[in-house]
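Novice: Got a structure for you, questions after.
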Amino acid sequence: MKKILLIICLLFINPVFSIEDTALNAADKMEYMNLNWWENFHDEYLNTHLLTLYEKNYDLQNAALKVKENEQMVKMQFANELPSLNLSGNINRDFQAPRELFGDMEIPKYSQNNYYLPLTAEYEIDIWGKNRLYTKSKKEQLEAVKQAERATYISLSAAFAVDYFNLIKADRLIEIQDELIKLQEDIVSKTLAKYKAGLCSVNELLGQEKFLTLLKEEYNIHLQAREVLINSIKVYLVKSDKEIERNNYKNVMPLTGVPSEYNSAIVENRPDYLFEEANLKRTGFDVRAAKREFLPSFTIFGQIGLNAYTLGSLFSSPSRMLSAGILPDIDLFSGGRKRAFLKMKKLEYEEALNNYQKAYLTGVKEVNSSLVEYKTSVKNYDETKKRIVLEDKIYSLAKDKKQIGAASDLDVLFAKQLYLITQKEEASSKINSLIAVIGLYKAAGGVNLYQIEKL
């Protein structure tokens with residue numbers, strides 16, 4: 001009896017493998033947020049909004065829930081590596097049982113109670129490591145889901161930052177457009193005076209009036225764009241306040257010193273690449289486990305309990321029941337199910353391999369494209385700054401010429417108009433350079449671009 005009890009107790013000893021706590025800690029979340037990178041923009045409003053985004057955004061919450069779901073799936077699969085214990089009692093009464101024969105001895109019809117209370121333990125010996133492979137597969141699936149969550153953080157952070165800086169640009173464009181409209185109204189007024197004095201044609205007057213309507217249409221488009229951006233940001237922040245705090249355009253500074261060349265190994269940090277890598281490992285474990293489905297399984301079982309025909313004798317010595325054994329099991333014929341399952345897993349592995357290789361190529365393409373866009377935006381911004389200096393000089397010369405009588409009021413207004421239009425282009429180039437940096441940050445896998453070694 002002691003030996004049987006010992007065997008049953010051994011079934012509950014933790015097997016060789018143990019599961020780790022897969023819950024993400026605060027450090028993991030901070031890595032996803034990458035607040036050190038966003039501090040390079042020197043915008044407190046942006047940092048505050050991002051913290052609100054990380055706290056309240058529903059997409060991020062769902063991504064975190066998906067990770068927790070897969071953590072439980074890992075635990076569920078790991079449970080298959082552990083012994084099981086269950087109590088399956090049975091209490092019944094035979095009111096009119098048929099007769100039974102034991103050789104020549106006949107027991108006539110009878111009535112009786114039956115109290116059956118067994119405690120059953122089972123443990124499948126994982127000789128071939130099949131259950132361990134399935135657990136490893138689930139862990140890799142969990143890792144893939146974590147990378148999907150990281151991708152959500154990077155994508156949402158970048159998308160929000162782009163909308164935020166576009167909102168600042170919209171503010172600046174509206175400000176300049178309002179000034180342009182007032183300036184054009186003055187030009188139309190002075191052109192009308194020239195027309196009445198017979199100093200210009202009606203076509204010139206109509207052309208200036210037409211340009212005024214175009215400026216007003218563009219002003220309405222800028223107002224619409226700003227309203228759309230504000231509503232978009234409110235959705236990101238799960239916020240219904242009318243006002244979205246933001247920086248002033250004049251305080252926005254482009255990032256300088258961002259490396260313009262990177263090693264191709266940067267692709268290996270992208271969440272989509274790591275997702276496919278984990279998925280490839282997962283399918284590899286599934287293929288190996290599917291092969292071992294063809295091998296026999298061995299289950300150790302033990303049972304201890306009570307079995308009596310009367311309630312009074314239920315706890316007496318004769319009612320005690322002990323048993324133990326080992327159960328080998330192998331499918332001699334399953335209709336080709338296991339073979340089809342193995343083939344399916346092999347096809348999944350080939351698909352995962354293709355996706356893995358494609359993810360690398362896609363990453364290289366996106367990094368290179370983002371680099372080209374970033375370099376171009378920086379060059380364009382530099383050229384726009386040069387042009388705005390020239391337009392400022394032309395405007396100043398027009399004012400000087402007016403003072404000495406060599407230019408009219410309209411000449412000064414036209415010079416100022418060109419200067420304001422160039423300011424709009426400068427605002428767009430400046431913000432576009434920031435957006436290009438954000439795009440490069442996203443393409444690089446959400447890492448601090450200042451911490452990546454140059455080629």
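Each chain of the structure tokens is named A, B, ... in the order shown, its residues numbered from 1; ligands are numbered from 1 in display order.
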Report as a ChimeraX atom specification all protein, DNA and RNA residues lying within 7 Å of A:Glu149, evaluated on only C-alpha atoms, omitting residues in the same chain fewer than 3 positions from it.

Specialist: /A:63-64,145-146,152-153

Novice: Where in stretch 322-394 of chain A does DSSP assign strand (DSSP E), given as number ranges by chain?

Specialist: A: 322-329

Novice: Would you pick out the contacts of A:Gln77 at 10 Å or less, using only C-alpha atoms, so that residues sharing its chain but fewer than 3 positions from it are not included, and give the list as a PDB file with N, CA, C and O atoms, in the first residue's frame?

Specialist:
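Output saved as out-v6.pdb:
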ATOM      1  N   GLN A  72      -2.278  33.415 -20.822  1.00  0.00           N
ATOM      2  CA  GLN A  72      -3.113  32.343 -20.276  1.00  0.00           C
ATOM      3  C   GLN A  72      -3.095  31.112 -21.180  1.00  0.00           C
ATOM      4  O   GLN A  72      -3.170  29.980 -20.694  1.00  0.00           O
ATOM      5  N   MET A  73      -2.980  31.330 -22.497  1.00  0.00           N
ATOM      6  CA  MET A  73      -2.877  30.190 -23.407  1.00  0.00           C
ATOM      7  C   MET A  73      -1.597  29.402 -23.157  1.00  0.00           C
ATOM      8  O   MET A  73      -1.589  28.167 -23.233  1.00  0.00           O
ATOM      9  N   VAL A  74      -0.505  30.117 -22.847  1.00  0.00           N
ATOM     10  CA  VAL A  74       0.747  29.427 -22.514  1.00  0.00           C
ATOM     11  C   VAL A  74       0.566  28.591 -21.254  1.00  0.00           C
ATOM     12  O   VAL A  74       0.993  27.431 -21.183  1.00  0.00           O
ATOM     13  N   ASN A  80      -0.702  20.811 -19.692  1.00  0.00           N
ATOM     14  CA  ASN A  80      -0.644  19.472 -20.279  1.00  0.00           C
ATOM     15  C   ASN A  80       0.635  18.731 -19.901  1.00  0.00           C
ATOM     16  O   ASN A  80       0.719  17.517 -20.056  1.00  0.00           O
ATOM     17  N   GLU A  81       1.648  19.483 -19.443  1.00  0.00           N
ATOM     18  CA  GLU A  81       2.890  18.852 -19.006  1.00  0.00           C
ATOM     19  C   GLU A  81       2.823  18.417 -17.546  1.00  0.00           C
ATOM     20  O   GLU A  81       3.731  17.743 -17.060  1.00  0.00           O
ATOM     21  N   LEU A  82       1.779  18.813 -16.850  1.00  0.00           N
ATOM     22  CA  LEU A  82       1.638  18.515 -15.429  1.00  0.00           C
ATOM     23  C   LEU A  82       0.653  17.368 -15.214  1.00  0.00           C
ATOM     24  O   LEU A  82      -0.194  17.106 -16.065  1.00  0.00           O
ATOM     25  N   ASN A 131       4.725  17.468 -25.635  1.00  0.00           N
ATOM     26  CA  ASN A 131       4.025  18.527 -24.902  1.00  0.00           C
ATOM     27  C   ASN A 131       4.920  19.739 -24.656  1.00  0.00           C
ATOM     28  O   ASN A 131       4.460  20.885 -24.687  1.00  0.00           O
ATOM     29  N   ARG A 132       6.212  19.476 -24.444  1.00  0.00           N
ATOM     30  CA  ARG A 132       7.155  20.587 -24.256  1.00  0.00           C
ATOM     31  C   ARG A 132       7.259  21.421 -25.528  1.00  0.00           C
ATOM     32  O   ARG A 132       7.326  22.649 -25.487  1.00  0.00           O
ATOM     33  N   TYR A 134       4.911  21.814 -27.794  1.00  0.00           N
ATOM     34  CA  TYR A 134       3.686  22.606 -27.919  1.00  0.00           C
ATOM     35  C   TYR A 134       3.728  23.821 -26.987  1.00  0.00           C
ATOM     36  O   TYR A 134       3.234  24.895 -27.334  1.00  0.00           O
ATOM     37  N   THR A 135       4.310  23.645 -25.803  1.00  0.00           N
ATOM     38  CA  THR A 135       4.435  24.781 -24.886  1.00  0.00           C
ATOM     39  C   THR A 135       5.388  25.823 -25.454  1.00  0.00           C
ATOM     40  O   THR A 135       5.127  27.038 -25.380  1.00  0.00           O
ATOM     41  N   LYS A 136       6.506  25.377 -26.026  1.00  0.00           N
ATOM     42  CA  LYS A 136       7.431  26.316 -26.661  1.00  0.00           C
ATOM     43  C   LYS A 136       6.749  27.057 -27.808  1.00  0.00           C
ATOM     44  O   LYS A 136       6.991  28.244 -28.030  1.00  0.00           O
ATOM     45  N   SER A 137       5.904  26.347 -28.531  1.00  0.00           N
ATOM     46  CA  SER A 137       5.166  26.969 -29.626  1.00  0.00           C
ATOM     47  C   SER A 137       4.272  28.090 -29.104  1.00  0.00           C
ATOM     48  O   SER A 137       4.219  29.180 -29.689  1.00  0.00           O
ATOM     49  N   LYS A 138       3.588  27.842 -28.012  1.00  0.00           N
ATOM     50  CA  LYS A 138       2.716  28.866 -27.437  1.00  0.00           C
ATOM     51  C   LYS A 138       3.519  30.049 -26.903  1.00  0.00           C
ATOM     52  O   LYS A 138       3.075  31.197 -26.971  1.00  0.00           O
ATOM     53  N   LYS A 139       4.713  29.778 -26.389  1.00  0.00           N
ATOM     54  CA  LYS A 139       5.554  30.872 -25.911  1.00  0.00           C
ATOM     55  C   LYS A 139       6.009  31.754 -27.066  1.00  0.00           C
ATOM     56  O   LYS A 139       6.081  32.983 -26.939  1.00  0.00           O
TER      57      LYS A 139
END

Novice: For stretch 383-385 of chain A, work out the shell of residues within 8 Å, counting only C-alpha atoms and skipping chain neighbours fewer than 5 positions away, then give it as a list in words.

Specialist: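 That gives Thr422, Glu425, Glu426 and Ser429 of chain A.
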
Novice: Could those residues be written to a file, using N, CA, C and O atoms, as a PDB file, in the first residue's frame?

Specialist:
ATOM      1  N   THR A 422       6.137  82.666 -49.219  1.00  0.00           N
ATOM      2  CA  THR A 422       7.350  81.906 -48.925  1.00  0.00           C
ATOM      3  C   THR A 422       7.363  81.450 -47.467  1.00  0.00           C
ATOM      4  O   THR A 422       7.865  80.365 -47.145  1.00  0.00           O
ATOM      5  N   GLU A 425       5.467  78.288 -47.292  1.00  0.00           N
ATOM      6  CA  GLU A 425       6.278  77.174 -47.776  1.00  0.00           C
ATOM      7  C   GLU A 425       7.336  76.785 -46.754  1.00  0.00           C
ATOM      8  O   GLU A 425       7.649  75.601 -46.577  1.00  0.00           O
ATOM      9  N   GLU A 426       7.879  77.795 -46.062  1.00  0.00           N
ATOM     10  CA  GLU A 426       8.875  77.520 -45.014  1.00  0.00           C
ATOM     11  C   GLU A 426       8.246  76.740 -43.865  1.00  0.00           C
ATOM     12  O   GLU A 426       8.847  75.804 -43.314  1.00  0.00           O
ATOM     13  N   SER A 429       7.766  73.167 -45.026  1.00  0.00           N
ATOM     14  CA  SER A 429       9.046  72.448 -45.098  1.00  0.00           C
ATOM     15  C   SER A 429       9.570  72.106 -43.714  1.00  0.00           C
ATOM     16  O   SER A 429      10.108  71.014 -43.490  1.00  0.00           O
TER      17      SER A 429
END

Novice: Taking only C-alpha atoms into account, name the residue in A:Ala161, A:Ala415, A:Ala148, A:Leu410 that is nearest to A:Asn62.

Specialist: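 Distance minimum relative to A:Asn62 lands on A:Ala148.
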
Novice: Report the residues of stretch 104-335 of chain A whose backbone DSSP state falls under alpha helix (DSSP H), written as number ranges by chain.

Specialist: A: 130-196, 202-237, 271-292

Novice: Give me the residues within 6 Å of stretch 306-322 of chain A as a list in words, counting only C-alpha atoms and dropping any in the same chain fewer than 6 places off.

Specialist: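 Within the cut-off, the hits are Asn113, Asn114, Tyr115, Tyr116 and Leu117 of chain A.
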
Novice: Those same residues, written as a JSON list (two decimals), in the first residue's frame with N, CA, C and O atoms?

Specialist:
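The new file result_22.json reads:
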[["chain", "number", "residue", "atom", "x", "y", "z"],
["A", 113, "ASN", "N", -27.28, -0.56, -2.84],
["A", 113, "ASN", "CA", -26.66, 0.76, -3.02],
["A", 113, "ASN", "C", -25.21, 0.58, -3.43],
["A", 113, "ASN", "O", -24.61, -0.46, -3.14],
["A", 114, "ASN", "N", -24.65, 1.63, -4.05],
["A", 114, "ASN", "CA", -23.23, 1.58, -4.43],
["A", 114, "ASN", "C", -22.64, 2.97, -4.23],
["A", 114, "ASN", "O", -23.10, 3.95, -4.84],
["A", 115, "TYR", "N", -21.65, 3.04, -3.35],
["A", 115, "TYR", "CA", -20.96, 4.32, -3.06],
["A", 115, "TYR", "C", -19.53, 4.20, -3.60],
["A", 115, "TYR", "O", -18.73, 3.42, -3.07],
["A", 116, "TYR", "N", -19.25, 5.00, -4.62],
["A", 116, "TYR", "CA", -17.95, 4.91, -5.30],
["A", 116, "TYR", "C", -17.33, 6.30, -5.33],
["A", 116, "TYR", "O", -17.81, 7.21, -6.02],
["A", 117, "LEU", "N", -16.25, 6.50, -4.54],
["A", 117, "LEU", "CA", -15.60, 7.80, -4.41],
["A", 117, "LEU", "C", -14.10, 7.68, -4.69],
["A", 117, "LEU", "O", -13.29, 7.58, -3.76]]

Novice: Which one of A:Asp171, A:Gln208, A:Ile91, A:Leu332 sits closest to A:Val188 if you count only C-alpha atoms?

Specialist: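 Nearest candidate to A:Val188 out of A:Asp171, A:Gln208, A:Ile91, A:Leu332: A:Gln208.
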
Novice: Name the closest residue to A:Leu212 among the candidates A:Gln147, A:Thr48, A:Ser433, A:Gln417; distances are taken between atoms, counting only C-alpha atoms.

Specialist: A:Gln417

Novice: Once you count only C-alpha atoms, what closest atom pair and distance in Å to one decimal does each residue of stretch 231-326 of chain A within 9 Å of stretch 366-373 of chain A have, with rows by chain and rising residue number, as CSV?

Specialist:
residue,atom,partner,partner_atom,distance
A:Ser260,CA,A:Leu371,CA,6.6
A:Glu261,CA,A:Leu371,CA,7.5
A:Tyr262,CA,A:Val367,CA,8.8
A:Ser264,CA,A:Val367,CA,8.7
A:Ile266,CA,A:Val367,CA,8.6
A:Val267,CA,A:Val367,CA,7.7

Novice: Store the residues picked out above in a file with C-alpha atoms, as an mmCIF file, in the first residue's frame.

Specialist:
data_model
loop_
_atom_site.group_PDB
_atom_site.id
_atom_site.type_symbol
_atom_site.label_atom_id
_atom_site.label_comp_id
_atom_site.auth_asym_id
_atom_site.auth_seq_id
_atom_site.Cartn_x
_atom_site.Cartn_y
_atom_site.Cartn_z
ATOM 1 C CA SER A 260 21.518 59.875 -42.385
ATOM 2 C CA GLU A 261 22.981 56.380 -42.873
ATOM 3 C CA TYR A 262 22.295 53.170 -40.953
ATOM 4 C CA SER A 264 20.998 47.160 -42.515
ATOM 5 C CA ILE A 266 18.539 48.008 -37.976
ATOM 6 C CA VAL A 267 15.776 46.046 -39.700
#

Novice: Distance table requested - stretch 60-169 of chain A against stretch 440-451 of chain A, cut-off 8 Å, only C-alpha atoms: one row per qualifying residue with the closest atom pair and its distance in Å to one decimal, ordered by chain and rising residue number, as CSV.

Specialist:
residue,atom,partner,partner_atom,distance
A:Ala151,CA,A:Gly445,CA,8.0
A:Ile154,CA,A:Gly446,CA,5.6
A:Ser155,CA,A:Lys442,CA,6.8
A:Ala158,CA,A:Lys442,CA,6.6

Novice: Measuring between only C-alpha atoms, which one of A:Trp128, A:Ile330, A:Val389, A:Ala436 shows the shortest distance to A:Val162?

Specialist: A:Ala436

Novice: Give me the residues near A:Lys416 as a VMD selection string, where near means some atom within 10 Å (using only C-alpha atoms) and where sequence neighbours in that chain fewer than 2 positions away do not count.

Specialist: chain A and resid 180 183 391 to 392 394 to 396 398 to 399 410 to 414 418 to 422

Novice: Hey, what's within 8 Å of A:Ile168 if we count only C-alpha atoms and toss same-chain stuff fewer than 4 positions away? As a PyMOL selection string, please?

Specialist: chain A and resi 164+172+246-249

Novice: So what do you get for atom CA of A:Leu206 versus atom CA of A:Gln423, distance-wise?

Specialist: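 According to the coordinates, atom CA of A:Leu206 and atom CA of A:Gln423 are separated by 25.8 Å.
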
Novice: Have a look at A:Ala289, A:Val228, A:Leu361, A:Leu133 and name the one nearest to A:Arg270; count only C-alpha atoms.

Specialist: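 Nearest candidate to A:Arg270 out of A:Ala289, A:Val228, A:Leu361, A:Leu133: A:Leu361.
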
Novice: What is the distance, in Å and to one decimal place, between atom CA of A:Glu122 and atom CA of A:Phe341?

Specialist: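 These atoms are spaced 26.3 Å apart.
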
Novice: For A:Asn432, which of A:Gln112, A:Phe165, A:Trp37, A:Lys66 is the closest residue, counting only C-alpha atoms?

Specialist: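 Using only C-alpha atoms, A:Asn432 sits closest to A:Phe165.
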